[in-house]
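Peer 1: Have a peek at final-v6.txt (compact mmCIF, N, CA and C atoms).
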```
# COMPACT_ATOMS: atom_id res chain seq x y z
N MET A 1 87.14 96.93 120.23
CA MET A 1 87.02 98.32 119.81
C MET A 1 88.37 99.01 119.83
N GLY A 2 89.22 98.69 120.80
CA GLY A 2 90.51 99.36 120.94
C GLY A 2 91.41 99.17 119.72
N LEU A 3 91.56 97.92 119.28
CA LEU A 3 92.42 97.67 118.12
C LEU A 3 91.79 98.18 116.83
N GLU A 4 90.49 98.30 116.79
CA GLU A 4 89.82 98.88 115.63
C GLU A 4 90.21 100.35 115.49
N VAL A 5 90.26 101.06 116.60
CA VAL A 5 90.66 102.47 116.60
C VAL A 5 92.14 102.58 116.22
N VAL A 6 92.96 101.70 116.75
CA VAL A 6 94.39 101.72 116.41
C VAL A 6 94.58 101.44 114.92
N ALA A 7 93.84 100.48 114.38
CA ALA A 7 93.94 100.15 112.95
C ALA A 7 93.56 101.35 112.09
N ALA A 8 92.48 102.01 112.42
CA ALA A 8 92.06 103.18 111.66
C ALA A 8 93.10 104.29 111.76
N SER A 9 93.64 104.48 112.94
CA SER A 9 94.66 105.51 113.14
C SER A 9 95.94 105.17 112.38
N PHE A 10 96.33 103.91 112.42
CA PHE A 10 97.56 103.47 111.77
C PHE A 10 97.46 103.66 110.26
N ALA A 11 96.30 103.40 109.69
CA ALA A 11 96.11 103.55 108.25
C ALA A 11 96.29 105.00 107.81
N GLY A 12 95.93 105.94 108.67
CA GLY A 12 96.05 107.35 108.32
C GLY A 12 97.27 108.04 108.88
N ALA A 13 98.17 107.27 109.50
CA ALA A 13 99.32 107.86 110.17
C ALA A 13 100.45 108.20 109.19
N ASP A 14 101.17 109.26 109.51
CA ASP A 14 102.38 109.56 108.74
C ASP A 14 103.53 108.73 109.30
N GLY A 15 104.72 108.90 108.77
CA GLY A 15 105.86 108.09 109.18
C GLY A 15 106.17 108.16 110.66
N THR A 16 106.17 109.35 111.21
CA THR A 16 106.48 109.53 112.63
C THR A 16 105.40 108.90 113.51
N GLN A 17 104.16 109.13 113.15
CA GLN A 17 103.06 108.55 113.93
C GLN A 17 103.10 107.03 113.85
N SER A 18 103.42 106.49 112.69
CA SER A 18 103.52 105.03 112.54
C SER A 18 104.60 104.46 113.45
N GLU A 19 105.72 105.17 113.56
CA GLU A 19 106.79 104.72 114.45
C GLU A 19 106.33 104.70 115.90
N TRP A 20 105.59 105.72 116.31
CA TRP A 20 105.09 105.77 117.68
C TRP A 20 104.10 104.63 117.95
N ILE A 21 103.24 104.37 116.98
CA ILE A 21 102.28 103.26 117.13
C ILE A 21 103.04 101.94 117.19
N GLY A 22 104.05 101.78 116.35
CA GLY A 22 104.86 100.56 116.37
C GLY A 22 105.57 100.37 117.70
N SER A 23 106.09 101.45 118.26
CA SER A 23 106.74 101.37 119.58
C SER A 23 105.75 100.96 120.66
N ALA A 24 104.54 101.52 120.59
CA ALA A 24 103.52 101.17 121.57
C ALA A 24 103.13 99.70 121.44
N LEU A 25 103.01 99.20 120.20
CA LEU A 25 102.69 97.78 120.01
C LEU A 25 103.77 96.90 120.61
N ASN A 26 105.03 97.26 120.39
CA ASN A 26 106.12 96.48 120.98
C ASN A 26 106.07 96.50 122.50
N ASP A 27 105.78 97.67 123.07
CA ASP A 27 105.69 97.78 124.53
C ASP A 27 104.55 96.93 125.09
N VAL A 28 103.41 96.96 124.43
CA VAL A 28 102.22 96.27 124.93
C VAL A 28 102.28 94.76 124.65
N TYR A 29 102.69 94.38 123.45
CA TYR A 29 102.59 92.98 123.04
C TYR A 29 103.93 92.25 122.99
N GLY A 30 104.98 92.88 123.48
CA GLY A 30 106.29 92.26 123.47
C GLY A 30 106.59 91.41 124.69
N VAL A 31 105.65 91.30 125.61
CA VAL A 31 105.89 90.53 126.83
C VAL A 31 105.23 89.16 126.77
N PHE A 32 103.93 89.11 126.65
CA PHE A 32 103.19 87.85 126.70
C PHE A 32 102.76 87.40 125.31
N ALA A 33 103.18 86.22 124.90
CA ALA A 33 102.87 85.69 123.58
C ALA A 33 101.37 85.51 123.39
N ASP A 34 100.67 85.06 124.44
CA ASP A 34 99.23 84.84 124.28
C ASP A 34 98.47 86.14 124.03
N GLU A 35 98.93 87.24 124.60
CA GLU A 35 98.29 88.54 124.35
C GLU A 35 98.59 89.01 122.93
N ARG A 36 99.82 88.81 122.47
CA ARG A 36 100.15 89.18 121.09
C ARG A 36 99.34 88.34 120.11
N ASP A 37 99.22 87.03 120.39
CA ASP A 37 98.45 86.14 119.51
C ASP A 37 96.98 86.54 119.45
N ALA A 38 96.42 86.95 120.59
CA ALA A 38 95.03 87.41 120.61
C ALA A 38 94.87 88.68 119.77
N ALA A 39 95.83 89.58 119.86
CA ALA A 39 95.78 90.80 119.05
C ALA A 39 95.86 90.49 117.56
N VAL A 40 96.69 89.51 117.19
CA VAL A 40 96.78 89.09 115.79
C VAL A 40 95.42 88.55 115.32
N ARG A 41 94.77 87.75 116.16
CA ARG A 41 93.46 87.21 115.79
C ARG A 41 92.43 88.32 115.61
N ILE A 42 92.42 89.28 116.52
CA ILE A 42 91.47 90.39 116.42
C ILE A 42 91.73 91.20 115.15
N CYS A 43 93.00 91.52 114.90
CA CYS A 43 93.33 92.32 113.72
C CYS A 43 93.06 91.54 112.43
N SER A 44 93.25 90.23 112.47
CA SER A 44 92.93 89.42 111.29
C SER A 44 91.45 89.50 110.97
N THR A 45 90.63 89.49 112.01
CA THR A 45 89.19 89.66 111.82
C THR A 45 88.87 91.04 111.25
N LEU A 46 89.60 92.05 111.72
CA LEU A 46 89.36 93.42 111.25
C LEU A 46 89.77 93.61 109.79
N THR A 47 90.58 92.72 109.23
CA THR A 47 90.94 92.84 107.82
C THR A 47 89.74 92.60 106.91
N ARG A 48 88.62 92.14 107.48
CA ARG A 48 87.39 91.94 106.72
C ARG A 48 86.32 92.98 107.08
N ASP A 49 86.73 94.04 107.77
CA ASP A 49 85.81 95.11 108.17
C ASP A 49 85.26 95.82 106.93
N PRO A 50 84.02 96.31 106.99
CA PRO A 50 83.46 97.05 105.85
C PRO A 50 84.21 98.35 105.53
N ASP A 51 84.86 98.93 106.52
CA ASP A 51 85.57 100.20 106.33
C ASP A 51 86.97 99.93 105.76
N ALA A 52 87.26 100.49 104.60
CA ALA A 52 88.55 100.25 103.92
C ALA A 52 89.73 100.73 104.74
N GLN A 53 89.59 101.82 105.46
CA GLN A 53 90.69 102.33 106.28
C GLN A 53 91.02 101.35 107.40
N ILE A 54 90.00 100.80 108.03
CA ILE A 54 90.23 99.82 109.10
C ILE A 54 90.86 98.56 108.52
N ARG A 55 90.38 98.10 107.36
CA ARG A 55 90.97 96.92 106.72
C ARG A 55 92.46 97.12 106.44
N ARG A 56 92.78 98.27 105.87
CA ARG A 56 94.18 98.56 105.51
C ARG A 56 95.05 98.63 106.77
N GLY A 57 94.59 99.35 107.78
CA GLY A 57 95.34 99.46 109.03
C GLY A 57 95.49 98.13 109.74
N ALA A 58 94.42 97.34 109.75
CA ALA A 58 94.46 96.03 110.41
C ALA A 58 95.45 95.11 109.72
N SER A 59 95.50 95.15 108.41
CA SER A 59 96.45 94.33 107.66
C SER A 59 97.89 94.72 108.03
N ASP A 60 98.14 96.01 108.12
CA ASP A 60 99.47 96.47 108.52
C ASP A 60 99.79 96.09 109.96
N LEU A 61 98.79 96.15 110.82
CA LEU A 61 99.00 95.77 112.22
C LEU A 61 99.32 94.28 112.34
N VAL A 62 98.64 93.45 111.57
CA VAL A 62 98.93 92.00 111.60
C VAL A 62 100.39 91.77 111.24
N SER A 63 100.85 92.43 110.20
CA SER A 63 102.25 92.28 109.79
C SER A 63 103.20 92.72 110.90
N MET A 64 102.89 93.85 111.50
CA MET A 64 103.75 94.37 112.56
C MET A 64 103.72 93.47 113.80
N LEU A 65 102.54 93.02 114.18
CA LEU A 65 102.42 92.14 115.34
C LEU A 65 103.15 90.82 115.13
N ASN A 66 103.11 90.30 113.91
CA ASN A 66 103.79 89.03 113.64
C ASN A 66 105.31 89.15 113.72
N ARG A 67 105.83 90.36 113.61
CA ARG A 67 107.28 90.56 113.74
C ARG A 67 107.73 90.69 115.19
N ILE A 68 106.79 90.84 116.11
CA ILE A 68 107.12 90.96 117.53
C ILE A 68 107.40 89.57 118.08
N ASP A 69 108.51 89.44 118.81
CA ASP A 69 108.90 88.18 119.43
C ASP A 69 108.76 88.32 120.95
N PRO A 70 107.59 87.97 121.50
CA PRO A 70 107.36 88.15 122.94
C PRO A 70 108.36 87.34 123.77
N ILE A 71 108.66 87.86 124.94
CA ILE A 71 109.66 87.20 125.79
C ILE A 71 109.07 86.07 126.64
N LEU A 72 107.77 86.09 126.90
CA LEU A 72 107.15 85.03 127.71
C LEU A 72 106.13 84.26 126.90
N ARG A 73 106.29 82.96 126.90
CA ARG A 73 105.39 82.07 126.16
C ARG A 73 104.71 81.11 127.13
N PRO A 74 103.50 80.65 126.79
CA PRO A 74 102.82 79.70 127.67
C PRO A 74 103.62 78.41 127.81
N MET A 75 103.49 77.80 128.97
CA MET A 75 104.22 76.54 129.21
C MET A 75 103.39 75.37 128.77
```
Could you show the structure in this file as structure tokens?
Peer 2:
Amino acid sequence: MGLEVVAASFAGADGTQSEWIGSALNDVYGVFADERDAAVRICSTLTRDPDAQIRRGASDLVSMLNRIDPILRPM
């Protein structure tokens, strides 16, 4: 539910709001690779949501999450 709300918000965000959401994504998913990968999977699923705004935001989130290079990876 959390990433669904973020996706919907991201789709309707202006430039400044998008930057803040991007900064938050980096803060949250820039540490552990497995958490970032899980978020990518969730957002990929949301790209098939019935709501067009959620689909659009989720697609943008997948792109943004894939650009994050987490510092800790599983051994």
Peer 1: Excluding Asp34 in chain A and any residue of its chain fewer than 3 positions from it, enumerate the residues within 8 Å of it, using only C-alpha atoms, and give them as a PyMOL selection string.
Peer 2: chain A and resi 37-38+73-74
Peer 1: Give me the residues within 8 Å of range 48-61 of chain A as a PyMOL selection string, counting only N, CA and C atoms and dropping any in the same chain fewer than 4 places off.
Peer 2: chain A and resi 3-12+39-40+42-44+65-67
Peer 1: Using only C-alpha atoms, which protein or nucleic acid residues come within 10 Å of Glu35 in chain A? Drop anything in the same chain fewer than 6 positions from it, and give the result as a count of residues only.
Peer 2: 5
Peer 1: Using only N, CA and C atoms for the distances, tell me which of A:Leu46, A:Leu72, A:Asp14, A:Met64 is nearest to Asn26 in chain A.
Peer 2: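 For Asn26 in chain A, the nearest of the candidates is A:Met64.
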Peer 1: So that I can check the secondary structure, give me every residue of chain A assigned helix (DSSP H, G or I) by backbone DSSP, as an MDAnalysis selection string.
Peer 2: chainID A and resid 2:11 15:29 33:46 52:66
Peer 1: Would you save the residues of that selection, restricted to N, CA and C atoms, as a short mmCIF file (atom, residue, chain, number, x, y, z; two decimals), keeping the file's coordinate frame?
Peer 2:
```cif
data_model
loop_
_atom_site.label_atom_id
_atom_site.label_comp_id
_atom_site.auth_asym_id
_atom_site.auth_seq_id
_atom_site.Cartn_x
_atom_site.Cartn_y
_atom_site.Cartn_z
N GLY A 2 89.22 98.69 120.80
CA GLY A 2 90.51 99.36 120.94
C GLY A 2 91.41 99.17 119.72
N LEU A 3 91.56 97.92 119.28
CA LEU A 3 92.42 97.67 118.12
C LEU A 3 91.79 98.18 116.83
N GLU A 4 90.49 98.30 116.79
CA GLU A 4 89.82 98.88 115.63
C GLU A 4 90.21 100.35 115.49
N VAL A 5 90.26 101.06 116.60
CA VAL A 5 90.66 102.47 116.60
C VAL A 5 92.14 102.58 116.22
N VAL A 6 92.96 101.70 116.75
CA VAL A 6 94.39 101.72 116.41
C VAL A 6 94.58 101.44 114.92
N ALA A 7 93.84 100.48 114.38
CA ALA A 7 93.94 100.15 112.95
C ALA A 7 93.56 101.35 112.09
N ALA A 8 92.48 102.01 112.42
CA ALA A 8 92.06 103.18 111.66
C ALA A 8 93.10 104.29 111.76
N SER A 9 93.64 104.48 112.94
CA SER A 9 94.66 105.51 113.14
C SER A 9 95.94 105.17 112.38
N PHE A 10 96.33 103.91 112.42
CA PHE A 10 97.56 103.47 111.77
C PHE A 10 97.46 103.66 110.26
N ALA A 11 96.30 103.40 109.69
CA ALA A 11 96.11 103.55 108.25
C ALA A 11 96.29 105.00 107.81
N GLY A 15 104.72 108.90 108.77
CA GLY A 15 105.86 108.09 109.18
C GLY A 15 106.17 108.16 110.66
N THR A 16 106.17 109.35 111.21
CA THR A 16 106.48 109.53 112.63
C THR A 16 105.40 108.90 113.51
N GLN A 17 104.16 109.13 113.15
CA GLN A 17 103.06 108.55 113.93
C GLN A 17 103.10 107.03 113.85
N SER A 18 103.42 106.49 112.69
CA SER A 18 103.52 105.03 112.54
C SER A 18 104.60 104.46 113.45
N GLU A 19 105.72 105.17 113.56
CA GLU A 19 106.79 104.72 114.45
C GLU A 19 106.33 104.70 115.90
N TRP A 20 105.59 105.72 116.31
CA TRP A 20 105.09 105.77 117.68
C TRP A 20 104.10 104.63 117.95
N ILE A 21 103.24 104.37 116.98
CA ILE A 21 102.28 103.26 117.13
C ILE A 21 103.04 101.94 117.19
N GLY A 22 104.05 101.78 116.35
CA GLY A 22 104.86 100.56 116.37
C GLY A 22 105.57 100.37 117.70
N SER A 23 106.09 101.45 118.26
CA SER A 23 106.74 101.37 119.58
C SER A 23 105.75 100.96 120.66
N ALA A 24 104.54 101.52 120.59
CA ALA A 24 103.52 101.17 121.57
C ALA A 24 103.13 99.70 121.44
N LEU A 25 103.01 99.20 120.20
CA LEU A 25 102.69 97.78 120.01
C LEU A 25 103.77 96.90 120.61
N ASN A 26 105.03 97.26 120.39
CA ASN A 26 106.12 96.48 120.98
C ASN A 26 106.07 96.50 122.50
N ASP A 27 105.78 97.67 123.07
CA ASP A 27 105.69 97.78 124.53
C ASP A 27 104.55 96.93 125.09
N VAL A 28 103.41 96.96 124.43
CA VAL A 28 102.22 96.27 124.93
C VAL A 28 102.28 94.76 124.65
N TYR A 29 102.69 94.38 123.45
CA TYR A 29 102.59 92.98 123.04
C TYR A 29 103.93 92.25 122.99
N ALA A 33 103.18 86.22 124.90
CA ALA A 33 102.87 85.69 123.58
C ALA A 33 101.37 85.51 123.39
N ASP A 34 100.67 85.06 124.44
CA ASP A 34 99.23 84.84 124.28
C ASP A 34 98.47 86.14 124.03
N GLU A 35 98.93 87.24 124.60
CA GLU A 35 98.29 88.54 124.35
C GLU A 35 98.59 89.01 122.93
N ARG A 36 99.82 88.81 122.47
CA ARG A 36 100.15 89.18 121.09
C ARG A 36 99.34 88.34 120.11
N ASP A 37 99.22 87.03 120.39
CA ASP A 37 98.45 86.14 119.51
C ASP A 37 96.98 86.54 119.45
N ALA A 38 96.42 86.95 120.59
CA ALA A 38 95.03 87.41 120.61
C ALA A 38 94.87 88.68 119.77
N ALA A 39 95.83 89.58 119.86
CA ALA A 39 95.78 90.80 119.05
C ALA A 39 95.86 90.49 117.56
N VAL A 40 96.69 89.51 117.19
CA VAL A 40 96.78 89.09 115.79
C VAL A 40 95.42 88.55 115.32
N ARG A 41 94.77 87.75 116.16
CA ARG A 41 93.46 87.21 115.79
C ARG A 41 92.43 88.32 115.61
N ILE A 42 92.42 89.28 116.52
CA ILE A 42 91.47 90.39 116.42
C ILE A 42 91.73 91.20 115.15
N CYS A 43 93.00 91.52 114.90
CA CYS A 43 93.33 92.32 113.72
C CYS A 43 93.06 91.54 112.43
N SER A 44 93.25 90.23 112.47
CA SER A 44 92.93 89.42 111.29
C SER A 44 91.45 89.50 110.97
N THR A 45 90.63 89.49 112.01
CA THR A 45 89.19 89.66 111.82
C THR A 45 88.87 91.04 111.25
N LEU A 46 89.60 92.05 111.72
CA LEU A 46 89.36 93.42 111.25
C LEU A 46 89.77 93.61 109.79
N ALA A 52 87.26 100.49 104.60
CA ALA A 52 88.55 100.25 103.92
C ALA A 52 89.73 100.73 104.74
N GLN A 53 89.59 101.82 105.46
CA GLN A 53 90.69 102.33 106.28
C GLN A 53 91.02 101.35 107.40
N ILE A 54 90.00 100.80 108.03
CA ILE A 54 90.23 99.82 109.10
C ILE A 54 90.86 98.56 108.52
N ARG A 55 90.38 98.10 107.36
CA ARG A 55 90.97 96.92 106.72
C ARG A 55 92.46 97.12 106.44
N ARG A 56 92.78 98.27 105.87
CA ARG A 56 94.18 98.56 105.51
C ARG A 56 95.05 98.63 106.77
N GLY A 57 94.59 99.35 107.78
CA GLY A 57 95.34 99.46 109.03
C GLY A 57 95.49 98.13 109.74
N ALA A 58 94.42 97.34 109.75
CA ALA A 58 94.46 96.03 110.41
C ALA A 58 95.45 95.11 109.72
N SER A 59 95.50 95.15 108.41
CA SER A 59 96.45 94.33 107.66
C SER A 59 97.89 94.72 108.03
N ASP A 60 98.14 96.01 108.12
CA ASP A 60 99.47 96.47 108.52
C ASP A 60 99.79 96.09 109.96
N LEU A 61 98.79 96.15 110.82
CA LEU A 61 99.00 95.77 112.22
C LEU A 61 99.32 94.28 112.34
N VAL A 62 98.64 93.45 111.57
CA VAL A 62 98.93 92.00 111.60
C VAL A 62 100.39 91.77 111.24
N SER A 63 100.85 92.43 110.20
CA SER A 63 102.25 92.28 109.79
C SER A 63 103.20 92.72 110.90
N MET A 64 102.89 93.85 111.50
CA MET A 64 103.75 94.37 112.56
C MET A 64 103.72 93.47 113.80
N LEU A 65 102.54 93.02 114.18
CA LEU A 65 102.42 92.14 115.34
C LEU A 65 103.15 90.82 115.13
N ASN A 66 103.11 90.30 113.91
CA ASN A 66 103.79 89.03 113.64
C ASN A 66 105.31 89.15 113.72
#
```
Peer 1: Can you measure CA of Val31 in chain A to CA of Thr45 in chain A for me? One decimal in Å is fine.
Peer 2: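 Separation between CA of Val31 in chain A and CA of Thr45 in chain A: 22.5 Å.
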Peer 1: In Å to one decimal, how far is CA of Ile71 in chain A from CA of Gly30 in chain A?
Peer 2: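 Interatomic distance, CA of Gly30 in chain A to CA of Ile71 in chain A: 6.5 Å.
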Peer 1: Box along x, y and z, 6 Å on every side, all listed atoms of range 3-12 of chain A inside: centre and edge lengths in Å to one decimal, as JSON.
Peer 2:
```
{"center_x": 93.7, "center_y": 102.9, "center_z": 113.5, "size_x": 19.7, "size_y": 22.4, "size_z": 23.5}
```
Peer 1: One decimal, Å: what's the distance from CA of Leu25 in chain A over to atom C of Asp69 in chain A, could you say?
Peer 2: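 These atoms are spaced 11.3 Å apart.
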